[in-house]
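For reference, the structure discussed in these notes is given below.
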Amino acid sequence: MRTDKQRALLDGALRVFARDGYSRASIDVLAAEAGVSSRTIYNHYGDKAGLFRAVILDSSDRVAERQIAVADKLLGRIARLEPDLVEFGLQWAKRDPETEPHWALVRQIQADLDHIDPETVAAWKERGPTRVRLALAGHLRRLAAEGHLELDDPSLAAVHLVQLTAGSVAAAEPGEDWEAVIRSGVGVFLRAYAPGVTSRS
């Protein structure tokens, strides 16, 4: 399959899976959305499960690369710890229209988990969430080595940073001040991980 045709198929299938979910998406609808024949899907991906795996891994790779680029830019060089973490939180929480279909697909996966091959779910987590978490942990580990933070588990600290900033924004009331929410979350993070804190429970 030509590269442009494959790109069209993966992008079209992403839109369908994100909208309809795995169980409800049909091969005919997937083929029509991408402008290919159903035979093309069977020839190149075997079946719907094979196409779904290709779609989620492709989408996870692209989103992970975008997120890691943000982390590298904002956490790669820290000048003032608290303001820089706030800026990271603001950028991490910002909606990106180009990645919205991916997050819609993730929500569909969570709703349809019982019908999706566990190996596909595990591969998605490794290529997407786990890869990003490890990248964030690497930045936090470096900040700890430089004396900015005190960490026992950089991977867990990475989860806390995201949940206390972008995660708190996602749970905020409509119209709530994002920056205030994120500043508060960064404050909690630093009270837990700033040097000299004695308890890491």
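Scheme for the structure tokens: letters A, B, ... for chains in order shown; per-chain residue numbers from 1; ligand numbers from 1 in order shown.
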Find the residues near Trp103 of chain A: any atom within 12 Å, counting only C-alpha atoms, skip ones fewer than 2 places away on the same chain, and give them as a list in words.
Leu14, Arg15, Phe17, Ala18, Arg19, Ile56, Ser59, Ser60, Val63, Ala64, Arg95, Asp96, Pro97, Glu98, Thr99, Glu100, Pro101, Leu105, Val106, Arg107, Gln108, Ile109, Gln110, Gly128 and Pro129 of chain A
Only C-alpha atoms, please: the residues just picked out, written as a PDB file, in the first residue's frame.
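Writing the result to part-v1.pdb gives the following:
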ATOM      1  CA  LEU A  14      -8.945   6.648  13.948  1.00  0.00           C
ATOM      2  CA  ARG A  15     -11.925   8.935  13.358  1.00  0.00           C
ATOM      3  CA  PHE A  17     -12.952   4.150  16.222  1.00  0.00           C
ATOM      4  CA  ALA A  18     -12.897   7.404  18.192  1.00  0.00           C
ATOM      5  CA  ARG A  19     -16.520   8.091  17.305  1.00  0.00           C
ATOM      6  CA  ILE A  56      -3.935   2.861  18.377  1.00  0.00           C
ATOM      7  CA  SER A  59      -1.806   7.358  17.224  1.00  0.00           C
ATOM      8  CA  SER A  60      -0.051   6.653  20.539  1.00  0.00           C
ATOM      9  CA  VAL A  63       0.794  11.791  20.639  1.00  0.00           C
ATOM     10  CA  ALA A  64       3.617  10.523  22.848  1.00  0.00           C
ATOM     11  CA  ARG A  95      -6.290  21.269  24.496  1.00  0.00           C
ATOM     12  CA  ASP A  96      -4.665  20.317  21.208  1.00  0.00           C
ATOM     13  CA  PRO A  97      -7.244  19.893  18.422  1.00  0.00           C
ATOM     14  CA  GLU A  98      -4.871  17.611  16.516  1.00  0.00           C
ATOM     15  CA  THR A  99      -4.792  15.070  19.346  1.00  0.00           C
ATOM     16  CA  GLU A 100      -8.498  15.195  20.253  1.00  0.00           C
ATOM     17  CA  PRO A 101      -9.348  12.087  18.145  1.00  0.00           C
ATOM     18  CA  LEU A 105     -10.253   6.845  21.158  1.00  0.00           C
ATOM     19  CA  VAL A 106      -8.658   6.345  24.588  1.00  0.00           C
ATOM     20  CA  ARG A 107     -12.027   7.018  26.210  1.00  0.00           C
ATOM     21  CA  GLN A 108     -13.613   4.465  23.882  1.00  0.00           C
ATOM     22  CA  ILE A 109     -10.956   1.910  24.816  1.00  0.00           C
ATOM     23  CA  GLN A 110     -11.666   2.385  28.499  1.00  0.00           C
ATOM     24  CA  GLY A 128       1.881   5.729  24.894  1.00  0.00           C
ATOM     25  CA  PRO A 129       1.245   6.356  28.618  1.00  0.00           C
TER      26      PRO A 129
END
Within 8 Å of segment 161-169 of chain A, counting only C-alpha atoms, which residues show up once you throw out same-chain ones fewer than 5 positions away? Write them as number ranges by chain, please.
A: 86, 89-90, 92-93, 178, 181-183, 185-186, 188-189
Got time to write the residues from that selection, all heavy atoms, as a short mmCIF file (atom, residue, chain, number, x, y, z; two decimals), in the first residue's frame?
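Saved to again.cif:
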data_model
loop_
_atom_site.label_atom_id
_atom_site.label_comp_id
_atom_site.auth_asym_id
_atom_site.auth_seq_id
_atom_site.Cartn_x
_atom_site.Cartn_y
_atom_site.Cartn_z
N VAL A 86 4.65 25.47 36.84
CA VAL A 86 3.32 26.01 36.51
C VAL A 86 3.17 26.11 35.00
O VAL A 86 2.12 25.73 34.44
CB VAL A 86 3.11 27.38 37.19
CG1 VAL A 86 1.85 28.05 36.64
CG2 VAL A 86 3.00 27.21 38.70
N GLY A 89 2.53 22.78 33.59
CA GLY A 89 1.15 22.35 33.83
C GLY A 89 0.18 23.03 32.89
O GLY A 89 -0.75 22.38 32.37
N LEU A 90 0.37 24.32 32.63
CA LEU A 90 -0.51 25.04 31.71
C LEU A 90 -0.43 24.47 30.30
O LEU A 90 -1.46 24.28 29.63
CB LEU A 90 -0.15 26.53 31.70
CG LEU A 90 -0.52 27.32 32.96
CD1 LEU A 90 0.15 28.69 32.94
CD2 LEU A 90 -2.04 27.46 33.08
N TRP A 92 0.63 21.44 29.46
CA TRP A 92 0.17 20.04 29.46
C TRP A 92 -1.35 19.97 29.45
O TRP A 92 -1.93 19.05 28.87
CB TRP A 92 0.73 19.33 30.68
CG TRP A 92 0.86 17.84 30.53
CD1 TRP A 92 0.02 16.89 31.03
CD2 TRP A 92 1.90 17.12 29.85
NE1 TRP A 92 0.47 15.63 30.71
CE2 TRP A 92 1.61 15.75 29.98
CE3 TRP A 92 3.03 17.53 29.15
CZ2 TRP A 92 2.43 14.76 29.44
CZ3 TRP A 92 3.85 16.54 28.61
CH2 TRP A 92 3.55 15.18 28.75
N ALA A 93 -1.99 20.95 30.10
CA ALA A 93 -3.45 20.94 30.18
C ALA A 93 -4.12 21.52 28.95
O ALA A 93 -5.32 21.33 28.74
CB ALA A 93 -3.90 21.73 31.42
N TRP A 178 -7.85 28.22 35.34
CA TRP A 178 -6.88 27.15 35.14
C TRP A 178 -5.56 27.43 35.84
O TRP A 178 -4.99 26.55 36.48
CB TRP A 178 -6.62 26.95 33.64
CG TRP A 178 -7.63 26.16 32.93
CD1 TRP A 178 -8.94 25.98 33.28
CD2 TRP A 178 -7.44 25.43 31.72
NE1 TRP A 178 -9.57 25.20 32.35
CE2 TRP A 178 -8.68 24.85 31.38
CE3 TRP A 178 -6.34 25.23 30.89
CZ2 TRP A 178 -8.83 24.07 30.25
CZ3 TRP A 178 -6.50 24.46 29.75
CH2 TRP A 178 -7.73 23.88 29.43
N VAL A 181 -5.73 26.87 39.51
CA VAL A 181 -5.79 25.44 39.81
C VAL A 181 -4.40 24.83 39.71
O VAL A 181 -3.97 24.05 40.58
CB VAL A 181 -6.77 24.74 38.84
CG1 VAL A 181 -6.65 23.22 38.96
CG2 VAL A 181 -8.21 25.17 39.12
N ILE A 182 -3.68 25.18 38.64
CA ILE A 182 -2.36 24.59 38.42
C ILE A 182 -1.35 25.11 39.43
O ILE A 182 -0.51 24.35 39.94
CB ILE A 182 -1.91 24.86 36.97
CG1 ILE A 182 -2.74 23.95 36.05
CG2 ILE A 182 -0.42 24.60 36.79
CD1 ILE A 182 -2.58 24.23 34.58
N ARG A 183 -1.43 26.40 39.78
CA ARG A 183 -0.52 26.93 40.81
C ARG A 183 -0.73 26.20 42.14
O ARG A 183 0.23 25.86 42.84
CB ARG A 183 -0.74 28.43 40.99
CG ARG A 183 -0.15 29.27 39.89
CD ARG A 183 -0.21 30.76 40.21
NE ARG A 183 0.30 31.52 39.10
CZ ARG A 183 1.59 31.67 38.83
NH1 ARG A 183 2.50 31.11 39.62
NH2 ARG A 183 1.99 32.37 37.78
N GLY A 185 -1.89 23.15 42.47
CA GLY A 185 -1.38 21.79 42.31
C GLY A 185 0.14 21.73 42.40
O GLY A 185 0.71 20.81 43.01
N VAL A 186 0.81 22.69 41.78
CA VAL A 186 2.28 22.73 41.86
C VAL A 186 2.71 22.96 43.31
O VAL A 186 3.70 22.38 43.78
CB VAL A 186 2.85 23.82 40.92
CG1 VAL A 186 4.32 24.07 41.22
CG2 VAL A 186 2.67 23.41 39.47
N VAL A 188 1.17 21.93 45.99
CA VAL A 188 1.03 20.64 46.68
C VAL A 188 2.20 19.72 46.29
O VAL A 188 2.79 19.04 47.14
CB VAL A 188 -0.32 19.98 46.34
CG1 VAL A 188 -0.39 18.57 46.90
CG2 VAL A 188 -1.46 20.83 46.86
N PHE A 189 2.53 19.69 45.00
CA PHE A 189 3.63 18.86 44.51
C PHE A 189 4.94 19.23 45.21
O PHE A 189 5.69 18.35 45.68
CB PHE A 189 3.77 19.02 43.00
CG PHE A 189 4.89 18.22 42.40
CD1 PHE A 189 4.72 16.88 42.10
CD2 PHE A 189 6.11 18.81 42.12
CE1 PHE A 189 5.76 16.13 41.54
CE2 PHE A 189 7.15 18.08 41.57
CZ PHE A 189 6.98 16.73 41.28
#
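What separates atom CA of Lys48 of chain A from atom CA of Gly12 of chain A is a distance of 13.3 Å.
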Run DSSP on the backbone and grab whatever in segment 80-180 of chain A lands in alpha helix (DSSP H); send it over as a PyMOL selection string.
chain A and resi 81-93+100-111+118-125+131-145+154-164+166-170+178-180
